[in-house]
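Participant: Mind looking over this structure? Questions follow.
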Amino acid sequence: MAGRPPCARMASTVTNVAIDCANAAQLARFWREVTGHPPDPESEPGDDKTEMMPPGGPALRGC
């Protein structure tokens, strides 16, 4: 429309993805297979939370 400023475009970046899960170790194995990157070395089997930080991608957290 005449006289209106053009719409501004806005970009978003996903930096974290949290996934609710019953078995964090199983979720970590799944994402390891998908991304090819291991979970955080501080994550232990049996933990109720896990984290994975693939290079160039969002942090994946299972809890």
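Identifiers in the structure tokens: chain A, B, ... in order shown; residue index from 1 per chain; ligand index from 1 in order shown.
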Neighbouring residues of stretch 9-17 of chain A were defined as those with any atom within 12 Å, considering only C-alpha atoms; residues of the same chain fewer than 6 positions away were excluded. Please report them as a list in words.
Facilitator: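 Once the nearby chain positions are removed, what remains is Trp31, Thr50, Glu51, Met52, Met53, Pro54, Pro55, Gly56, Gly57, Pro58, Ala59, Leu60, Arg61, Gly62 and Cys63 of chain A.
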Participant: How about saving the chosen residues, all heavy atoms kept, as an mmCIF file, in the first residue's frame?
Facilitator:
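Now in out00.cif:
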data_model
loop_
_atom_site.group_PDB
_atom_site.id
_atom_site.type_symbol
_atom_site.label_atom_id
_atom_site.label_comp_id
_atom_site.auth_asym_id
_atom_site.auth_seq_id
_atom_site.Cartn_x
_atom_site.Cartn_y
_atom_site.Cartn_z
ATOM 1 N N TRP A 31 20.060 -39.728 19.183
ATOM 2 C CA TRP A 31 20.623 -38.515 18.599
ATOM 3 C C TRP A 31 22.075 -38.704 18.181
ATOM 4 O O TRP A 31 22.536 -38.089 17.236
ATOM 5 C CB TRP A 31 20.463 -37.320 19.531
ATOM 6 C CG TRP A 31 19.056 -36.794 19.497
ATOM 7 C CD1 TRP A 31 18.147 -36.848 20.504
ATOM 8 C CD2 TRP A 31 18.402 -36.190 18.376
ATOM 9 N NE1 TRP A 31 16.957 -36.299 20.080
ATOM 10 C CE2 TRP A 31 17.089 -35.891 18.774
ATOM 11 C CE3 TRP A 31 18.790 -35.874 17.077
ATOM 12 C CZ2 TRP A 31 16.181 -35.276 17.928
ATOM 13 C CZ3 TRP A 31 17.872 -35.265 16.245
ATOM 14 C CH2 TRP A 31 16.584 -34.975 16.666
ATOM 15 N N THR A 50 20.355 -35.631 29.765
ATOM 16 C CA THR A 50 21.505 -35.760 28.874
ATOM 17 C C THR A 50 21.595 -34.517 28.009
ATOM 18 O O THR A 50 20.623 -33.792 27.870
ATOM 19 C CB THR A 50 21.393 -37.028 28.001
ATOM 20 O OG1 THR A 50 22.603 -37.221 27.293
ATOM 21 C CG2 THR A 50 20.244 -36.942 27.016
ATOM 22 N N GLU A 51 22.776 -34.297 27.456
ATOM 23 C CA GLU A 51 22.982 -33.119 26.609
ATOM 24 C C GLU A 51 23.935 -33.479 25.477
ATOM 25 O O GLU A 51 24.847 -34.279 25.655
ATOM 26 C CB GLU A 51 23.565 -31.984 27.439
ATOM 27 C CG GLU A 51 23.769 -30.710 26.661
ATOM 28 C CD GLU A 51 24.209 -29.575 27.551
ATOM 29 O OE1 GLU A 51 23.329 -28.945 28.154
ATOM 30 O OE2 GLU A 51 25.420 -29.348 27.649
ATOM 31 N N MET A 52 23.698 -32.903 24.325
ATOM 32 C CA MET A 52 24.557 -33.108 23.167
ATOM 33 C C MET A 52 24.738 -31.753 22.495
ATOM 34 O O MET A 52 23.786 -31.004 22.341
ATOM 35 C CB MET A 52 23.907 -34.104 22.207
ATOM 36 C CG MET A 52 24.741 -34.467 21.028
ATOM 37 S SD MET A 52 23.918 -35.708 20.014
ATOM 38 C CE MET A 52 23.902 -37.094 21.126
ATOM 39 N N MET A 53 25.963 -31.430 22.132
ATOM 40 C CA MET A 53 26.263 -30.145 21.512
ATOM 41 C C MET A 53 26.905 -30.364 20.148
ATOM 42 O O MET A 53 28.117 -30.239 20.001
ATOM 43 C CB MET A 53 27.206 -29.330 22.396
ATOM 44 C CG MET A 53 26.718 -29.096 23.818
ATOM 45 S SD MET A 53 25.508 -27.813 23.961
ATOM 46 C CE MET A 53 26.475 -26.383 23.670
ATOM 47 N N PRO A 54 26.124 -30.732 19.113
ATOM 48 C CA PRO A 54 26.714 -30.904 17.785
ATOM 49 C C PRO A 54 27.281 -29.586 17.252
ATOM 50 O O PRO A 54 26.664 -28.539 17.446
ATOM 51 C CB PRO A 54 25.568 -31.386 16.897
ATOM 52 C CG PRO A 54 24.370 -31.496 17.764
ATOM 53 C CD PRO A 54 24.699 -30.941 19.105
ATOM 54 N N PRO A 55 28.461 -29.613 16.629
ATOM 55 C CA PRO A 55 29.024 -28.387 16.089
ATOM 56 C C PRO A 55 28.087 -27.753 15.054
ATOM 57 O O PRO A 55 27.549 -28.442 14.187
ATOM 58 C CB PRO A 55 30.325 -28.829 15.415
ATOM 59 C CG PRO A 55 30.600 -30.189 15.917
ATOM 60 C CD PRO A 55 29.305 -30.767 16.378
ATOM 61 N N GLY A 56 27.854 -26.468 15.175
ATOM 62 C CA GLY A 56 27.029 -25.756 14.218
ATOM 63 C C GLY A 56 25.539 -25.980 14.388
ATOM 64 O O GLY A 56 24.745 -25.469 13.614
ATOM 65 N N GLY A 57 25.152 -26.751 15.387
ATOM 66 C CA GLY A 57 23.735 -27.024 15.566
ATOM 67 C C GLY A 57 23.266 -26.606 16.943
ATOM 68 O O GLY A 57 24.071 -26.195 17.777
ATOM 69 N N PRO A 58 21.981 -26.730 17.203
ATOM 70 C CA PRO A 58 21.485 -26.372 18.531
ATOM 71 C C PRO A 58 21.891 -27.415 19.554
ATOM 72 O O PRO A 58 22.145 -28.571 19.209
ATOM 73 C CB PRO A 58 19.967 -26.343 18.340
ATOM 74 C CG PRO A 58 19.715 -27.298 17.234
ATOM 75 C CD PRO A 58 20.914 -27.185 16.318
ATOM 76 N N ALA A 59 21.943 -27.008 20.793
ATOM 77 C CA ALA A 59 22.166 -27.956 21.895
ATOM 78 C C ALA A 59 20.921 -28.820 22.005
ATOM 79 O O ALA A 59 19.793 -28.323 21.971
ATOM 80 C CB ALA A 59 22.420 -27.218 23.197
ATOM 81 N N LEU A 60 21.109 -30.132 22.116
ATOM 82 C CA LEU A 60 19.997 -31.069 22.278
ATOM 83 C C LEU A 60 20.005 -31.537 23.719
ATOM 84 O O LEU A 60 20.993 -32.089 24.188
ATOM 85 C CB LEU A 60 20.150 -32.250 21.326
ATOM 86 C CG LEU A 60 20.249 -31.902 19.839
ATOM 87 C CD1 LEU A 60 20.624 -33.130 19.035
ATOM 88 C CD2 LEU A 60 18.931 -31.338 19.366
ATOM 89 N N ARG A 61 18.911 -31.331 24.416
ATOM 90 C CA ARG A 61 18.822 -31.728 25.817
ATOM 91 C C ARG A 61 17.629 -32.656 26.012
ATOM 92 O O ARG A 61 16.531 -32.346 25.576
ATOM 93 C CB ARG A 61 18.688 -30.509 26.701
ATOM 94 C CG ARG A 61 19.922 -29.642 26.667
ATOM 95 C CD ARG A 61 19.828 -28.460 27.615
ATOM 96 N NE ARG A 61 21.096 -27.786 27.710
ATOM 97 C CZ ARG A 61 21.453 -26.741 26.964
ATOM 98 N NH1 ARG A 61 20.596 -26.265 26.084
ATOM 99 N NH2 ARG A 61 22.627 -26.187 27.102
ATOM 100 N N GLY A 62 17.884 -33.757 26.656
ATOM 101 C CA GLY A 62 16.817 -34.696 27.003
ATOM 102 C C GLY A 62 16.662 -34.735 28.502
ATOM 103 O O GLY A 62 17.636 -34.833 29.239
ATOM 104 N N CYS A 63 15.432 -34.616 28.949
ATOM 105 C CA CYS A 63 15.184 -34.652 30.393
ATOM 106 C C CYS A 63 13.831 -35.263 30.677
ATOM 107 O O CYS A 63 13.001 -35.363 29.860
ATOM 108 C CB CYS A 63 15.269 -33.259 30.989
ATOM 109 S SG CYS A 63 14.352 -32.004 30.094
#
Participant: List as a PDB file with C-alpha atoms, in the first residue's frame the protein and nucleic acid residues near A:Arg29, meaning an atom at most 9 Å away when only C-alpha atoms are counted, but skip any in the same chain fewer than 5 places from it.
Facilitator:
ATOM      1  CA  ALA A  24      17.608 -39.984  28.592  1.00  0.00           C
ATOM      2  CA  VAL A  34      21.256 -39.183  13.833  1.00  0.00           C
ATOM      3  CA  PRO A  38      28.454 -38.319  21.114  1.00  0.00           C
ATOM      4  CA  PRO A  39      26.553 -36.973  24.102  1.00  0.00           C
TER       5      PRO A  39
END
Participant: So which residues of chain A fall under strand (DSSP E) by DSSP, listed as number ranges by chain?
Facilitator: A: 16-19, 50-52, 59-62
Participant: Tell me, in Å to one decimal, how far atom CA of A:Pro45 is from atom CA of A:Ala18.
Facilitator: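 It comes out at 18.4 Å.
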Participant: Please identify which residues in chain A DSSP calls alpha helix (DSSP H) from the backbone, and express them as a ChimeraX atom specification.
Facilitator: /A:24-35
Participant: Which residue gives the smallest distance to A:Asn23 among A:Thr35, A:Glu42, A:Pro6, A:Asp48, with only C-alpha atoms counted?
Facilitator: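 Of A:Thr35, A:Glu42, A:Pro6, A:Asp48, the one nearest A:Asn23, counting only C-alpha atoms, is A:Asp48.
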